[in-house]
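The data block below is model34.pdb; it holds PDB, C-alpha atoms, pLDDT in the B column.
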```pdb
ATOM      1  CA  MET W  72       0.000   0.000   0.000  1.00 70.00           C
ATOM      2  CA  ASP W  73       1.197   3.510  -0.816  1.00 77.00           C
ATOM      3  CA  GLU W  74       2.560   5.050   2.402  1.00 80.00           C
ATOM      4  CA  SER W  75       0.661   8.330   2.008  1.00 89.00           C
ATOM      5  CA  ARG W  76      -2.642   6.479   1.557  1.00 93.00           C
ATOM      6  CA  GLN W  77      -1.875   4.265   4.543  1.00 94.00           C
ATOM      7  CA  ASP W  78      -1.209   7.347   6.666  1.00 95.00           C
ATOM      8  CA  GLN W  79      -4.517   8.825   5.514  1.00 97.00           C
ATOM      9  CA  TYR W  80      -6.385   5.659   6.552  1.00 97.00           C
ATOM     10  CA  LYS W  81      -4.689   5.771   9.967  1.00 97.00           C
ATOM     11  CA  LYS W  82      -5.670   9.413  10.345  1.00 97.00           C
ATOM     12  CA  GLU W  83      -9.300   8.739   9.436  1.00 98.00           C
ATOM     13  CA  ALA W  84      -9.508   5.847  11.910  1.00 98.00           C
ATOM     14  CA  ALA W  85      -7.999   8.032  14.633  1.00 98.00           C
ATOM     15  CA  GLN W  86     -10.417  10.876  13.919  1.00 98.00           C
ATOM     16  CA  ALA W  87     -13.383   8.509  14.103  1.00 98.00           C
ATOM     17  CA  ALA W  88     -12.235   6.962  17.391  1.00 98.00           C
ATOM     18  CA  ALA W  89     -11.585  10.404  18.871  1.00 98.00           C
ATOM     19  CA  GLN W  90     -15.354  10.967  18.856  1.00 98.00           C
ATOM     20  CA  LEU W  91     -15.629   8.425  21.690  1.00 98.00           C
ATOM     21  CA  VAL W  92     -14.054  10.972  24.031  1.00 98.00           C
ATOM     22  CA  GLN W  93     -16.469  13.159  25.981  1.00 98.00           C
ATOM     23  CA  SER W  94     -15.847  15.979  28.427  1.00 98.00           C
ATOM     24  CA  GLY W  95     -15.121  14.774  31.930  1.00 97.00           C
ATOM     25  CA  MET W  96     -13.530  11.496  30.820  1.00 98.00           C
ATOM     26  CA  ILE W  97     -10.159  10.102  31.842  1.00 98.00           C
ATOM     27  CA  VAL W  98      -8.579   8.746  28.659  1.00 98.00           C
ATOM     28  CA  GLY W  99      -5.525   6.562  28.108  1.00 98.00           C
ATOM     29  CA  LEU W 100      -3.474   7.903  25.207  1.00 98.00           C
ATOM     30  CA  GLY W 101      -1.543   5.360  23.181  1.00 97.00           C
ATOM     31  CA  THR W 102       1.865   5.549  21.541  1.00 97.00           C
ATOM     32  CA  GLY W 103       2.940   5.313  17.908  1.00 95.00           C
ATOM     33  CA  THR W 104       2.247   6.933  14.560  1.00 94.00           C
ATOM     34  CA  THR W 105      -1.476   6.157  14.566  1.00 96.00           C
ATOM     35  CA  ALA W 106      -1.926   7.252  18.190  1.00 97.00           C
ATOM     36  CA  ALA W 107      -0.195  10.522  17.299  1.00 97.00           C
ATOM     37  CA  TYR W 108      -3.044  11.251  14.868  1.00 98.00           C
ATOM     38  CA  LEU W 109      -5.486  10.590  17.711  1.00 98.00           C
ATOM     39  CA  VAL W 110      -3.735  13.010  20.056  1.00 98.00           C
ATOM     40  CA  SER W 111      -3.674  15.642  17.304  1.00 98.00           C
ATOM     41  CA  GLU W 112      -7.419  15.292  16.758  1.00 98.00           C
ATOM     42  CA  LEU W 113      -8.122  15.460  20.476  1.00 98.00           C
ATOM     43  CA  GLY W 114      -5.971  18.583  20.673  1.00 98.00           C
ATOM     44  CA  ARG W 115      -8.050  20.119  17.889  1.00 98.00           C
ATOM     45  CA  ARG W 116     -11.244  19.308  19.778  1.00 98.00           C
ATOM     46  CA  VAL W 117      -9.829  20.842  22.964  1.00 98.00           C
ATOM     47  CA  LYS W 118      -9.141  24.068  21.066  1.00 97.00           C
ATOM     48  CA  GLU W 119     -12.164  24.261  18.761  1.00 97.00           C
ATOM     49  CA  GLU W 120     -14.904  22.392  20.646  1.00 97.00           C
ATOM     50  CA  GLU W 121     -13.860  23.170  24.236  1.00 96.00           C
ATOM     51  CA  LEU W 122     -13.523  19.453  24.971  1.00 98.00           C
ATOM     52  CA  ARG W 123     -12.261  18.959  28.508  1.00 97.00           C
ATOM     53  CA  PHE W 124     -10.803  15.606  29.517  1.00 98.00           C
ATOM     54  CA  THR W 125      -7.752  14.226  31.290  1.00 98.00           C
ATOM     55  CA  GLY W 126      -5.247  12.110  29.404  1.00 98.00           C
ATOM     56  CA  VAL W 127      -3.025   9.353  30.780  1.00 98.00           C
ATOM     57  CA  PRO W 128      -0.082   9.006  28.352  1.00 98.00           C
ATOM     58  CA  THR W 129       1.628   5.681  27.698  1.00 97.00           C
ATOM     59  CA  SER W 130       5.014   7.165  26.795  1.00 97.00           C
ATOM     60  CA  GLU W 131       7.108  10.272  27.234  1.00 96.00           C
ATOM     61  CA  ARG W 132       6.706  11.220  23.574  1.00 96.00           C
ATOM     62  CA  THR W 133       2.909  10.986  23.797  1.00 98.00           C
ATOM     63  CA  ALA W 134       2.988  13.115  26.958  1.00 98.00           C
ATOM     64  CA  GLU W 135       5.114  15.724  25.204  1.00 98.00           C
ATOM     65  CA  GLN W 136       2.748  15.896  22.224  1.00 98.00           C
ATOM     66  CA  ALA W 137      -0.343  16.112  24.442  1.00 98.00           C
ATOM     67  CA  ARG W 138       1.101  18.933  26.553  1.00 98.00           C
ATOM     68  CA  SER W 139       1.970  20.905  23.427  1.00 98.00           C
ATOM     69  CA  LEU W 140      -1.702  20.728  22.393  1.00 98.00           C
ATOM     70  CA  GLY W 141      -3.107  21.850  25.725  1.00 97.00           C
ATOM     71  CA  ILE W 142      -4.361  18.438  26.867  1.00 98.00           C
ATOM     72  CA  SER W 143      -4.489  18.023  30.649  1.00 98.00           C
ATOM     73  CA  LEU W 144      -2.524  14.997  31.869  1.00 98.00           C
ATOM     74  CA  ALA W 145      -2.491  12.769  34.935  1.00 98.00           C
ATOM     75  CA  THR W 146      -0.756   9.593  36.066  1.00 96.00           C
ATOM     76  CA  LEU W 147      -2.138   6.362  37.492  1.00 96.00           C
ATOM     77  CA  ALA W 148      -1.078   7.653  40.904  1.00 96.00           C
ATOM     78  CA  ASP W 149      -3.625  10.459  40.519  1.00 93.00           C
ATOM     79  CA  ILE W 150      -6.657   8.391  39.455  1.00 94.00           C
ATOM     80  CA  LYS W 151      -8.405   5.139  40.296  1.00 89.00           C
ATOM     81  CA  GLU W 152      -9.713   4.077  36.895  1.00 95.00           C
ATOM     82  CA  ILE W 153      -9.485   5.108  33.258  1.00 98.00           C
ATOM     83  CA  ASP W 154     -12.752   5.461  31.348  1.00 98.00           C
ATOM     84  CA  LEU W 155     -11.340   4.683  27.929  1.00 98.00           C
ATOM     85  CA  THR W 156      -7.989   3.930  26.326  1.00 98.00           C
ATOM     86  CA  ILE W 157      -7.435   4.483  22.614  1.00 98.00           C
ATOM     87  CA  ASP W 158      -4.290   3.062  21.052  1.00 98.00           C
ATOM     88  CA  GLY W 159      -2.898   1.647  17.846  1.00 98.00           C
ATOM     89  CA  ALA W 160      -1.807  -1.937  17.170  1.00 98.00           C
ATOM     90  CA  ASP W 161       0.682  -3.766  14.976  1.00 97.00           C
ATOM     91  CA  GLU W 162      -1.664  -6.683  14.257  1.00 98.00           C
ATOM     92  CA  VAL W 163      -5.348  -7.340  15.017  1.00 98.00           C
ATOM     93  CA  GLN W 164      -6.833 -10.826  14.797  1.00 97.00           C
ATOM     94  CA  LEU W 165     -10.288 -10.991  13.240  1.00 95.00           C
ATOM     95  CA  GLY W 166     -13.032 -12.137  15.587  1.00 94.00           C
ATOM     96  CA  THR W 167     -11.082 -12.219  18.834  1.00 96.00           C
ATOM     97  CA  LEU W 168      -9.545  -8.745  18.417  1.00 98.00           C
ATOM     98  CA  ALA W 169      -6.381 -10.146  19.997  1.00 98.00           C
ATOM     99  CA  LEU W 170      -3.463  -7.812  19.346  1.00 98.00           C
ATOM    100  CA  ILE W 171       0.259  -7.663  18.839  1.00 98.00           C
ATOM    101  CA  LYS W 172       1.590  -4.367  20.168  1.00 98.00           C
ATOM    102  CA  GLY W 173       4.954  -2.967  21.112  1.00 97.00           C
ATOM    103  CA  HIS W 174       6.760  -2.282  17.857  1.00 96.00           C
ATOM    104  CA  GLY W 175       6.692   1.358  18.953  1.00 95.00           C
ATOM    105  CA  GLY W 176       8.575   0.380  22.100  1.00 96.00           C
ATOM    106  CA  ALA W 177       5.940   1.260  24.744  1.00 97.00           C
ATOM    107  CA  LEU W 178       4.226  -2.086  25.316  1.00 97.00           C
ATOM    108  CA  LEU W 179       4.638  -2.228  29.110  1.00 98.00           C
ATOM    109  CA  ARG W 180       3.070   1.155  29.807  1.00 97.00           C
ATOM    110  CA  GLU W 181       0.465   0.550  27.108  1.00 98.00           C
ATOM    111  CA  LYS W 182      -0.639  -2.694  28.736  1.00 98.00           C
ATOM    112  CA  ILE W 183      -0.680  -1.182  32.221  1.00 98.00           C
ATOM    113  CA  VAL W 184      -2.903   1.666  31.036  1.00 98.00           C
ATOM    114  CA  ALA W 185      -5.163  -0.622  28.978  1.00 98.00           C
ATOM    115  CA  SER W 186      -5.581  -3.001  31.922  1.00 97.00           C
ATOM    116  CA  ALA W 187      -6.571  -0.086  34.166  1.00 97.00           C
ATOM    117  CA  SER W 188      -9.299   0.997  31.734  1.00 98.00           C
ATOM    118  CA  LYS W 189     -13.004   0.239  31.592  1.00 97.00           C
ATOM    119  CA  ARG W 190     -12.652  -0.310  27.842  1.00 97.00           C
ATOM    120  CA  MET W 191     -10.085  -0.145  25.090  1.00 98.00           C
ATOM    121  CA  ALA W 192     -10.581   0.994  21.504  1.00 98.00           C
ATOM    122  CA  VAL W 193      -7.948   0.362  18.841  1.00 98.00           C
ATOM    123  CA  ILE W 194      -7.171   2.364  15.710  1.00 98.00           C
ATOM    124  CA  VAL W 195      -5.458   0.804  12.675  1.00 98.00           C
ATOM    125  CA  ASP W 196      -5.377   0.823   8.904  1.00 97.00           C
ATOM    126  CA  GLU W 197      -6.671  -2.247   7.073  1.00 96.00           C
ATOM    127  CA  THR W 198      -3.190  -3.750   6.566  1.00 96.00           C
ATOM    128  CA  LYS W 199      -3.072  -4.572  10.296  1.00 97.00           C
ATOM    129  CA  ILE W 200      -6.018  -7.010  10.180  1.00 97.00           C
ATOM    130  CA  VAL W 201      -4.925 -10.673  10.118  1.00 97.00           C
ATOM    131  CA  LYS W 202      -6.455 -14.120  10.498  1.00 96.00           C
ATOM    132  CA  ARG W 203      -3.617 -15.262  12.778  1.00 97.00           C
ATOM    133  CA  LEU W 204      -1.231 -13.211  14.844  1.00 98.00           C
ATOM    134  CA  GLY W 205       2.497 -13.490  14.244  1.00 97.00           C
ATOM    135  CA  GLY W 206       2.453 -14.443  10.590  1.00 94.00           C
ATOM    136  CA  THR W 207       4.397 -11.379   9.495  1.00 93.00           C
ATOM    137  CA  LEU W 208       5.473  -9.700  12.747  1.00 97.00           C
ATOM    138  CA  ALA W 209       7.450 -10.744  15.797  1.00 98.00           C
ATOM    139  CA  VAL W 210       6.004 -10.438  19.307  1.00 98.00           C
ATOM    140  CA  PRO W 211       7.889  -7.736  21.240  1.00 98.00           C
ATOM    141  CA  VAL W 212       8.973  -8.949  24.684  1.00 98.00           C
ATOM    142  CA  GLU W 213      10.268  -6.442  27.231  1.00 98.00           C
ATOM    143  CA  VAL W 214      13.039  -7.930  29.359  1.00 98.00           C
ATOM    144  CA  VAL W 215      15.308  -6.943  32.241  1.00 98.00           C
ATOM    145  CA  PRO W 216      18.746  -5.897  30.911  1.00 98.00           C
ATOM    146  CA  PHE W 217      20.548  -7.983  33.537  1.00 98.00           C
ATOM    147  CA  GLY W 218      21.039 -11.451  32.074  1.00 98.00           C
ATOM    148  CA  TRP W 219      19.022 -10.739  28.958  1.00 98.00           C
ATOM    149  CA  GLU W 220      21.090 -13.339  27.117  1.00 98.00           C
ATOM    150  CA  ALA W 221      19.823 -16.034  29.510  1.00 98.00           C
ATOM    151  CA  THR W 222      16.268 -14.792  29.036  1.00 98.00           C
ATOM    152  CA  ALA W 223      16.712 -14.987  25.268  1.00 98.00           C
ATOM    153  CA  ARG W 224      17.839 -18.620  25.577  1.00 98.00           C
ATOM    154  CA  LYS W 225      14.718 -19.437  27.590  1.00 98.00           C
ATOM    155  CA  LEU W 226      12.551 -17.781  24.939  1.00 98.00           C
ATOM    156  CA  ARG W 227      14.243 -19.741  22.173  1.00 98.00           C
ATOM    157  CA  ALA W 228      13.497 -22.909  24.154  1.00 97.00           C
ATOM    158  CA  ILE W 229       9.761 -22.216  23.833  1.00 96.00           C
ATOM    159  CA  GLY W 230      10.028 -21.749  20.078  1.00 97.00           C
ATOM    160  CA  ALA W 231      10.824 -18.073  19.608  1.00 98.00           C
ATOM    161  CA  GLY W 232      13.347 -16.714  17.181  1.00 97.00           C
ATOM    162  CA  THR W 233      14.815 -13.858  19.210  1.00 98.00           C
ATOM    163  CA  GLU W 234      16.454 -10.619  18.147  1.00 98.00           C
ATOM    164  CA  LEU W 235      17.590  -7.869  20.501  1.00 98.00           C
ATOM    165  CA  ARG W 236      16.067  -4.616  19.284  1.00 98.00           C
ATOM    166  CA  PRO W 237      18.809  -2.153  18.323  1.00 97.00           C
ATOM    167  CA  GLY W 238      18.888   1.446  19.473  1.00 95.00           C
ATOM    168  CA  VAL W 239      21.285   4.247  18.602  1.00 91.00           C
ATOM    169  CA  ASP W 240      25.071   4.030  18.388  1.00 89.00           C
ATOM    170  CA  ASP W 241      25.009   0.219  18.178  1.00 90.00           C
ATOM    171  CA  LYS W 242      23.500   0.008  21.664  1.00 96.00           C
ATOM    172  CA  PRO W 243      20.303  -1.885  22.574  1.00 97.00           C
ATOM    173  CA  TYR W 244      17.000  -0.023  22.420  1.00 97.00           C
ATOM    174  CA  VAL W 245      15.963   1.058  25.936  1.00 97.00           C
ATOM    175  CA  THR W 246      12.304   1.552  26.871  1.00 97.00           C
ATOM    176  CA  ASP W 247      10.946   4.370  29.027  1.00 96.00           C
ATOM    177  CA  GLY W 248      11.065   1.854  31.893  1.00 96.00           C
ATOM    178  CA  GLY W 249      14.769   1.158  31.346  1.00 97.00           C
ATOM    179  CA  HIS W 250      14.336  -2.310  29.804  1.00 98.00           C
ATOM    180  CA  TYR W 251      15.419  -4.039  26.599  1.00 98.00           C
ATOM    181  CA  ILE W 252      13.100  -5.509  23.968  1.00 98.00           C
ATOM    182  CA  LEU W 253      13.557  -8.932  22.385  1.00 98.00           C
ATOM    183  CA  ASP W 254      11.524  -9.269  19.199  1.00 98.00           C
ATOM    184  CA  CYS W 255      10.341 -12.880  19.238  1.00 98.00           C
ATOM    185  CA  ALA W 256       9.279 -14.504  15.973  1.00 98.00           C
ATOM    186  CA  PHE W 257       6.901 -17.437  16.467  1.00 97.00           C
ATOM    187  CA  GLY W 258       5.372 -17.565  12.993  1.00 97.00           C
ATOM    188  CA  PRO W 259       1.555 -17.799  12.728  1.00 97.00           C
ATOM    189  CA  ILE W 260       0.328 -18.343  16.292  1.00 98.00           C
ATOM    190  CA  ALA W 261      -2.353 -21.025  16.593  1.00 97.00           C
ATOM    191  CA  ASP W 262      -2.815 -20.570  20.338  1.00 97.00           C
ATOM    192  CA  PRO W 263      -2.013 -17.017  21.533  1.00 98.00           C
ATOM    193  CA  LYS W 264      -3.143 -17.810  25.092  1.00 98.00           C
ATOM    194  CA  ARG W 265      -0.581 -20.603  25.383  1.00 98.00           C
ATOM    195  CA  ILE W 266       2.230 -18.411  24.063  1.00 98.00           C
ATOM    196  CA  ALA W 267       1.185 -15.588  26.400  1.00 98.00           C
ATOM    197  CA  ARG W 268       1.202 -17.965  29.355  1.00 98.00           C
ATOM    198  CA  GLU W 269       4.668 -19.277  28.490  1.00 98.00           C
ATOM    199  CA  LEU W 270       6.001 -15.739  28.139  1.00 98.00           C
ATOM    200  CA  ASP W 271       4.438 -14.767  31.484  1.00 98.00           C
ATOM    201  CA  GLU W 272       6.192 -17.712  33.139  1.00 98.00           C
ATOM    202  CA  THR W 273       9.649 -16.902  31.735  1.00 98.00           C
ATOM    203  CA  VAL W 274      12.007 -15.404  34.326  1.00 98.00           C
ATOM    204  CA  GLY W 275      13.480 -12.118  33.100  1.00 98.00           C
ATOM    205  CA  VAL W 276      10.416 -11.165  31.049  1.00 98.00           C
ATOM    206  CA  VAL W 277       8.802  -7.950  32.258  1.00 98.00           C
ATOM    207  CA  GLU W 278       5.883  -7.924  29.796  1.00 98.00           C
ATOM    208  CA  HIS W 279       5.008  -9.026  26.257  1.00 98.00           C
ATOM    209  CA  GLY W 280       3.147  -7.593  23.300  1.00 98.00           C
ATOM    210  CA  LEU W 281       0.266 -10.074  23.163  1.00 98.00           C
ATOM    211  CA  PHE W 282      -2.794  -8.052  24.239  1.00 98.00           C
ATOM    212  CA  LEU W 283      -5.548 -10.622  24.680  1.00 98.00           C
ATOM    213  CA  GLY W 284      -9.135  -9.798  25.660  1.00 96.00           C
ATOM    214  CA  LEU W 285      -8.451  -6.090  26.097  1.00 97.00           C
ATOM    215  CA  ALA W 286      -9.730  -4.485  22.882  1.00 97.00           C
ATOM    216  CA  LYS W 287     -13.516  -4.111  22.696  1.00 94.00           C
ATOM    217  CA  GLN W 288     -13.693  -2.418  19.311  1.00 96.00           C
ATOM    218  CA  VAL W 289     -11.324  -1.633  16.477  1.00 98.00           C
ATOM    219  CA  PHE W 290     -11.595   1.325  14.105  1.00 98.00           C
ATOM    220  CA  VAL W 291     -10.180   0.235  10.748  1.00 98.00           C
ATOM    221  CA  GLY W 292      -9.330   2.828   8.118  1.00 97.00           C
ATOM    222  CA  GLY W 293      -9.466   1.812   4.458  1.00 96.00           C
ATOM    223  CA  PRO W 294     -10.453   2.940   0.957  1.00 95.00           C
ATOM    224  CA  ARG W 295     -14.168   2.583   1.754  1.00 94.00           C
ATOM    225  CA  GLY W 296     -13.991   4.653   4.927  1.00 96.00           C
ATOM    226  CA  VAL W 297     -13.719   3.583   8.547  1.00 97.00           C
ATOM    227  CA  LYS W 298     -15.323   0.350   9.713  1.00 97.00           C
ATOM    228  CA  ILE W 299     -15.695  -0.760  13.311  1.00 97.00           C
ATOM    229  CA  LEU W 300     -14.992  -4.332  14.371  1.00 97.00           C
ATOM    230  CA  LYS W 301     -16.360  -5.675  17.639  1.00 91.00           C
ATOM    231  CA  GLN W 302     -14.960  -8.305  19.964  1.00 77.00           C
ATOM    232  CA  GLY W 303     -16.363 -11.817  19.624  1.00 65.00           C
ATOM    233  CA  ALA W 304     -17.680 -11.597  16.077  1.00 55.00           C
ATOM    234  CA  ASN W 305     -16.802 -10.552  12.570  1.00 52.00           C
ATOM    235  CA  ARG W 306     -19.487  -7.895  12.731  1.00 50.00           C
ATOM    236  CA  GLU W 307     -18.630  -4.477  11.460  1.00 54.00           C
ATOM    237  CA  LYS W 308     -20.242  -1.130  10.917  1.00 60.00           C
ATOM    238  CA  HIS W 309     -19.060   1.953   9.106  1.00 59.00           C
ATOM    239  CA  ALA W 310     -18.194   5.062  11.059  1.00 63.00           C
ATOM    240  CA  ARG W 311     -19.571   8.305   9.718  1.00 51.00           C
ATOM    241  CA  ARG W 312     -16.963  10.466   8.097  1.00 48.00           C
ATOM    242  CA  GLY W 313     -16.723  14.079   9.142  1.00 45.00           C
ATOM    243  CA  GLY W 314     -14.196  16.823   8.755  1.00 44.00           C
ATOM    244  CA  PRO W 315     -13.284  19.415  11.343  1.00 42.00           C
ATOM    245  CA  GLY W 316     -16.371  21.431  10.401  1.00 40.00           C
ATOM    246  CA  ALA W 317     -18.867  18.626  11.018  1.00 42.00           C
ATOM    247  CA  LYS W 318     -19.613  19.684  14.592  1.00 41.00           C
ATOM    248  CA  GLY W 319     -23.331  19.028  14.404  1.00 42.00           C
ATOM    249  CA  LYS W 320     -22.781  15.425  13.422  1.00 40.00           C
ATOM    250  CA  ARG W 321     -20.139  14.946  16.083  1.00 41.00           C
ATOM    251  CA  LYS W 322     -22.336  16.337  18.815  1.00 40.00           C
ATOM    252  CA  SER W 323     -25.217  14.002  18.008  1.00 37.00           C
ATOM    253  CA  LYS W 324     -22.830  11.063  17.677  1.00 38.00           C
ATOM    254  CA  ARG W 325     -21.328  11.713  21.097  1.00 36.00           C
ATOM    255  CA  ALA W 326     -24.800  11.902  22.592  1.00 38.00           C
ATOM    256  CA  ARG W 327     -25.653   8.386  21.520  1.00 37.00           C
ATOM    257  CA  ARG W 328     -22.190   6.849  21.902  1.00 38.00           C
ATOM    258  CA  ARG W 329     -22.355   3.349  23.315  1.00 38.00           C
ATOM    259  CA  SER W 330     -19.746   1.362  25.177  1.00 34.00           C
TER     260      SER W 330
END
```
Take the structure in the file and write it out as structure tokens.
Amino acid sequence: MDESRQDQYKKEAAQAAAQLVQSGMIVGLGTGTTAAYLVSELGRRVKEEELRFTGVPTSERTAEQARSLGISLATLADIKEIDLTIDGADEVQLGTLALIKGHGGALLREKIVASASKRMAVIVDETKIVKRLGGTLAVPVEVVPFGWEATARKLRAIGAGTELRPGVDDKPYVTDGGHYILDCAFGPIADPKRIARELDETVGVVEHGLFLGLAKQVFVGGPRGVKILKQGANREKHARRGGPGAKGKRKSKRARRRS
């Protein structure tokens, strides 16, 4: 897919999902290129529609972008529960809405925020929809730097092809939490729950990029507009398009927004 068209589909999905946010909400803000479109749209709504909400960022770069747009921020120390988290994904499995996340390097904070939320919505372009997770992408696994080589051997023993994610100056990539990431290639994953359990039980693993049972709906941008997938079925509906001037439509849509 042409990169400019793909970016446009991401942007349209992000703009549609941004309409879920209402004044007074506490909202988890994801990380990555698609989530950046979301934060931009929410910043526009703060300025033009007087939207007032509190964001909980999942990375330092998301926090920086949100602050620059006038979005109020809080941490999990300040609040008890998040109303809604909106984030991107690297792969989305049809039907289950199981995800692979973490290629943007923020999987630990993303999963903490998603798990603290009443619901999670995901924004992607249509290239991210797959029948099985892992067919084209590795599963990011965040690990403790101490003894990471031993952790990698344990991961290879459960069938993963491991690669330490590189950072700058030939040094390993370091997450906001101070950890390394091992990108673990399993091939098409027939049983994501089993792989997740084995990763959870591996000493040295902090967290992994299999997000299972967290996403409730997925906004998918494509050439025919934005469609919405729901957990547990292959049902879909099309989101109404609307530019920055379509305030009347947005207001009525917010009024009847469902969970």
Distance of atom CA of W:Leu147 from atom CA of W:Ala169, expressed in Å to one decimal place: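 Interatomic distance here is 24.4 Å.
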Interatomic distance (Å, one decimal) between atom CA of W:Gly258 and atom CA of W:Gly159: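 Atom CA of W:Gly258 sits 21.5 Å away from atom CA of W:Gly159.
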Stretch 116-122 of chain W environment, 9 Å, all atoms listed in the file, sequence neighbours closer than 5 positions dropped, as a short mmCIF file (atom, residue, chain, number, x, y, z; two decimals) with C-alpha atoms, in the frame of the given file:
```cif
data_model
loop_
_atom_site.label_atom_id
_atom_site.label_comp_id
_atom_site.auth_asym_id
_atom_site.auth_seq_id
_atom_site.Cartn_x
_atom_site.Cartn_y
_atom_site.Cartn_z
CA ALA W 89 -11.58 10.40 18.87
CA VAL W 92 -14.05 10.97 24.03
CA GLN W 93 -16.47 13.16 25.98
CA SER W 94 -15.85 15.98 28.43
CA GLY W 95 -15.12 14.77 31.93
CA SER W 111 -3.67 15.64 17.30
CA LEU W 140 -1.70 20.73 22.39
CA GLY W 141 -3.11 21.85 25.72
CA ILE W 142 -4.36 18.44 26.87
CA PRO W 315 -13.28 19.42 11.34
CA LYS W 318 -19.61 19.68 14.59
#
```
Within 6 Å of stretch 178-197 of chain W, which residues of stretch 121-170 of chain W show up? Give each one with its shortest atom-to-atom distance in Å (one decimal) and the two atoms involved, counting all atoms listed in the file, rows by chain then rising residue number, as JSON lines.
```
{"residue": "W:Thr129", "atom": "CA", "partner": "W:Arg180", "partner_atom": "CA", "distance": 5.2}
{"residue": "W:Glu152", "atom": "CA", "partner": "W:Ala187", "partner_atom": "CA", "distance": 5.9}
{"residue": "W:Ile153", "atom": "CA", "partner": "W:Ser188", "partner_atom": "CA", "distance": 4.4}
{"residue": "W:Asp154", "atom": "CA", "partner": "W:Lys189", "partner_atom": "CA", "distance": 5.2}
{"residue": "W:Leu155", "atom": "CA", "partner": "W:Arg190", "partner_atom": "CA", "distance": 5.2}
{"residue": "W:Thr156", "atom": "CA", "partner": "W:Met191", "partner_atom": "CA", "distance": 4.7}
{"residue": "W:Ile157", "atom": "CA", "partner": "W:Ala192", "partner_atom": "CA", "distance": 4.8}
{"residue": "W:Asp158", "atom": "CA", "partner": "W:Val193", "partner_atom": "CA", "distance": 5.1}
{"residue": "W:Gly159", "atom": "CA", "partner": "W:Ile194", "partner_atom": "CA", "distance": 4.8}
```
Top pick for closest residue to W:Cys255, considering W:Leu281, W:Leu168, W:Ala106, W:Ala84 and counting all atoms listed in the file: W:Leu281
The PyMOL selection byres ((chain W and resi 203) around 10) applied to the shown file, residues as a VMD selection string: chain W and resid 162 to 165 169 to 170 200 to 202 204 to 207 258 to 263
Give me a file of those residues, with C-alpha atoms, as a tab-separated table (two decimals), keeping the file's coordinate frame.
```tsv
chain	number	residue	atom	x	y	z
W	162	GLU	CA	-1.66	-6.68	14.26
W	163	VAL	CA	-5.35	-7.34	15.02
W	164	GLN	CA	-6.83	-10.83	14.80
W	165	LEU	CA	-10.29	-10.99	13.24
W	169	ALA	CA	-6.38	-10.15	20.00
W	170	LEU	CA	-3.46	-7.81	19.35
W	200	ILE	CA	-6.02	-7.01	10.18
W	201	VAL	CA	-4.92	-10.67	10.12
W	202	LYS	CA	-6.46	-14.12	10.50
W	204	LEU	CA	-1.23	-13.21	14.84
W	205	GLY	CA	2.50	-13.49	14.24
W	206	GLY	CA	2.45	-14.44	10.59
W	207	THR	CA	4.40	-11.38	9.49
W	258	GLY	CA	5.37	-17.57	12.99
W	259	PRO	CA	1.56	-17.80	12.73
W	260	ILE	CA	0.33	-18.34	16.29
W	261	ALA	CA	-2.35	-21.02	16.59
W	262	ASP	CA	-2.82	-20.57	20.34
W	263	PRO	CA	-2.01	-17.02	21.53
```
Residue nearest W:Asp161 among W:Gly99, W:Gly249, W:Gly280, W:Pro237 (counting only C-alpha atoms):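 Looking only at the distances to W:Asp161, the closest residue turns out to be W:Gly280.
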Neighbours of point (11.8, -15.5, 24.4) within 9 Å, using all atoms listed in the file, written as a short mmCIF file (atom, residue, chain, number, x, y, z; two decimals) with C-alpha atoms, keeping the file's coordinate frame:
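Result written to out.cif:
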```
data_model
loop_
_atom_site.label_atom_id
_atom_site.label_comp_id
_atom_site.auth_asym_id
_atom_site.auth_seq_id
_atom_site.Cartn_x
_atom_site.Cartn_y
_atom_site.Cartn_z
CA VAL W 212 8.97 -8.95 24.68
CA THR W 222 16.27 -14.79 29.04
CA ALA W 223 16.71 -14.99 25.27
CA ARG W 224 17.84 -18.62 25.58
CA LYS W 225 14.72 -19.44 27.59
CA LEU W 226 12.55 -17.78 24.94
CA ARG W 227 14.24 -19.74 22.17
CA ALA W 228 13.50 -22.91 24.15
CA ILE W 229 9.76 -22.22 23.83
CA GLY W 230 10.03 -21.75 20.08
CA ALA W 231 10.82 -18.07 19.61
CA GLY W 232 13.35 -16.71 17.18
CA THR W 233 14.82 -13.86 19.21
CA LEU W 253 13.56 -8.93 22.38
CA ASP W 254 11.52 -9.27 19.20
CA CYS W 255 10.34 -12.88 19.24
CA ALA W 256 9.28 -14.50 15.97
CA LEU W 270 6.00 -15.74 28.14
CA THR W 273 9.65 -16.90 31.74
CA VAL W 276 10.42 -11.16 31.05
#
```
Pick from W:Lys172, W:Gln77, W:Ala177, W:Tyr251 nearest to W:Val215, counting only C-alpha atoms: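 Looking only at the distances to W:Val215, the closest residue turns out to be W:Tyr251.
A straight line drawn from atom CA of W:Ile171 to atom CA of W:Ala134 is 22.5 Å long.
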Residue IDs satisfying the PyMOL selection byres ((chain W and resi 292) around 12), as a VMD selection string: chain W and resid 76 to 88 105 159 193 to 200 289 to 291 293 to 300 308 to 312
